[in-house]
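Q: Right, I'll just put the structure down here and ask away after.
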Number of protein chains: 2
Amino acid sequence: LKPLGVQLVADMHGCDPAALDDLQGVGEAMLEAARRGGARIVAHNFHRFSPHGISGVVIIAESHLAIHTWPEHRFAAIDLFTCSDSVQPDLCLAYLQQFFRSERVVTSTLRRGELRPPGP
Amino acid sequence: LKPLGVQLVADMHGCDPAALDDLQGVGEAMLEAARRGGARIVAHNFHRFSPHGISGVVIIAESHLAIHTWPEHRFAAIDLFTCSDSVQPDLCLAYLQQFFRSERVVTSTLRRGELRPPGP
């Protein structure tokens, strides 16, 4: 059965700490990543916490792209949730990995909304 | 090792389709769910798509709470990402399950940002 949505979860380790703590830079990178993946941007919101760390979400027509950063651990948690085959998650994540200069990315994929077949 | 964040992923099946397609109702329910879970709300954004379906995200001080709804499938995909023990995901999700009158919830938990121990 085809799921309604597919969620790609990427843990990016060994990132550039300055890039992870730059509110404007993270926001622009996330929007560019959404565009490179072929997503249509609907809304976005980014917030920097004290003393460090950024959370942000891009709502896309195909679902969402979210990030949380821990500059002190050189770590970013990224989610790309999409309900459309038109989005190319690999292009989106490759851009972010390059932008943050991540040394190690651990990804996993979740299938969301696996409906039961009509029956019996 | 304790992860930096814990992500609770809930697929809610058999929901009330009208509740899933009510932009104001979904927004208020998500904010109330965040409060009941003990989260501090930073920002929020909800969007209704044509012909149906809502996407929305609440950025919380402890990370985020996101939803995507498919009224035509009576389905909602909900994510609660938290980096703080002060948030109680069960209270948050129980409120949403009740609000949407979901008949079946499938949850899974992801550990995000498992750091390597200091070496060697």
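Identifiers in this document derive from the order of the structure tokens: chains are assigned A, B, ..., residues are numbered from 1 separately in each chain, and ligands are numbered from 1 in order of occurrence.
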List every residue of chain B that has an atom at most 7 Å from any atom of chain A, and for each one report the closest atom pair and its distance in Å to one decimal, counting only C-alpha atoms, with rows sorted by chain and then by increasing residue number, as CSV.
A:
residue,atom,partner,partner_atom,distance
B:Asp11,CA,A:Gly113,CA,6.1
B:Ser55,CA,A:Ser63,CA,6.5
B:Ser63,CA,A:Ser55,CA,6.5
B:His68,CA,A:Ser63,CA,6.9
B:Ala77,CA,A:Arg112,CA,6.8
B:Arg112,CA,A:Asp11,CA,6.7
B:Gly113,CA,A:Asp11,CA,6.1
Q: Run DSSP on the backbone and give me the residues of stretch 50-84 of chain B it puts in strand (DSSP E or B), as a PyMOL selection string.
A: chain B and resi 54-60+63-70+75-82
Q: Which residues come within 10 Å of stretch 34-38 of chain B, counting only C-alpha atoms, excluding same-chain residues fewer than 2 positions away, as a list in words?
A: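 Skipping anything fewer than 2 positions along the chain leaves Glu28, Ala29, Met30, Leu31, Glu32, Arg40, Ile41, Val58, Ile59, Ile60, Glu62, His64, Leu65, Leu80, Asp85, Ser86, Val87, Gln88, Pro89, Asp90, Leu91, Cys92, Leu93, Ala94, Tyr95 and Leu96 of chain B.
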Q: Take the residues that were just selected and, keeping C-alpha atoms, output them as an mmCIF file, in the first residue's frame.
A:
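Saved file part04.cif follows:
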data_model
loop_
_atom_site.group_PDB
_atom_site.id
_atom_site.type_symbol
_atom_site.label_atom_id
_atom_site.label_comp_id
_atom_site.auth_asym_id
_atom_site.auth_seq_id
_atom_site.Cartn_x
_atom_site.Cartn_y
_atom_site.Cartn_z
ATOM 1 C CA GLU B 28 -6.862 26.012 18.377
ATOM 2 C CA ALA B 29 -6.612 22.285 19.086
ATOM 3 C CA MET B 30 -2.899 22.232 18.307
ATOM 4 C CA LEU B 31 -2.213 25.205 20.572
ATOM 5 C CA GLU B 32 -4.293 23.660 23.356
ATOM 6 C CA ARG B 40 5.897 26.908 25.676
ATOM 7 C CA ILE B 41 4.487 28.260 22.403
ATOM 8 C CA VAL B 58 3.573 25.119 16.339
ATOM 9 C CA ILE B 59 7.160 26.018 17.136
ATOM 10 C CA ILE B 60 7.623 25.470 20.845
ATOM 11 C CA GLU B 62 11.144 22.612 23.262
ATOM 12 C CA HIS B 64 7.843 21.582 17.459
ATOM 13 C CA LEU B 65 4.374 20.114 17.092
ATOM 14 C CA LEU B 80 5.796 16.077 18.483
ATOM 15 C CA ASP B 85 11.818 16.315 29.731
ATOM 16 C CA SER B 86 9.384 18.994 30.865
ATOM 17 C CA VAL B 87 7.051 18.246 27.957
ATOM 18 C CA GLN B 88 4.550 15.426 28.435
ATOM 19 C CA PRO B 89 3.833 14.009 24.983
ATOM 20 C CA ASP B 90 1.103 11.688 26.237
ATOM 21 C CA LEU B 91 -1.064 14.571 27.442
ATOM 22 C CA CYS B 92 -0.556 16.428 24.191
ATOM 23 C CA LEU B 93 -1.451 13.471 21.984
ATOM 24 C CA ALA B 94 -4.345 12.304 24.150
ATOM 25 C CA TYR B 95 -5.951 15.708 23.730
ATOM 26 C CA LEU B 96 -5.597 15.590 19.935
#
Q: In Å to one decimal, how far is atom CA of A:Leu1 from atom CA of A:Pro117?
A: 7.7 Å
Q: Find the residues near A:Glu103: any atom within 10 Å, counting only C-alpha atoms, skip ones fewer than 3 places away on the same chain, and give them as a PyMOL selection string.
A: chain A and resi 12-16+74+97-98+100
Q: Mind giving me the straight-line distance from atom CA of B:Phe99 to atom CA of B:Ala19 in Å, one decimal?
A: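 Result for atom CA of B:Phe99 versus atom CA of B:Ala19: 7.9 Å, one decimal.
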Q: Any chance you could list, as an MDAnalysis selection string, the residues in stretch 4-77 of chain A that come up helix (DSSP H, G or I) when DSSP is run on the backbone?
A: chainID A and resid 17:20 23:36 71:73
Q: What does the distance from atom CA of B:Ser50 to atom CA of B:Asp21 come to in Å, to one decimal?
A: 10.3 Å
Q: Could you check the closest approach to A:Arg101 for each of A:Ala33, A:Leu20, A:Pro3, A:Leu8 and tell me which residue wins, using only C-alpha atoms?
A: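 Using only C-alpha atoms, the shortest distance to A:Arg101 belongs to A:Leu20.
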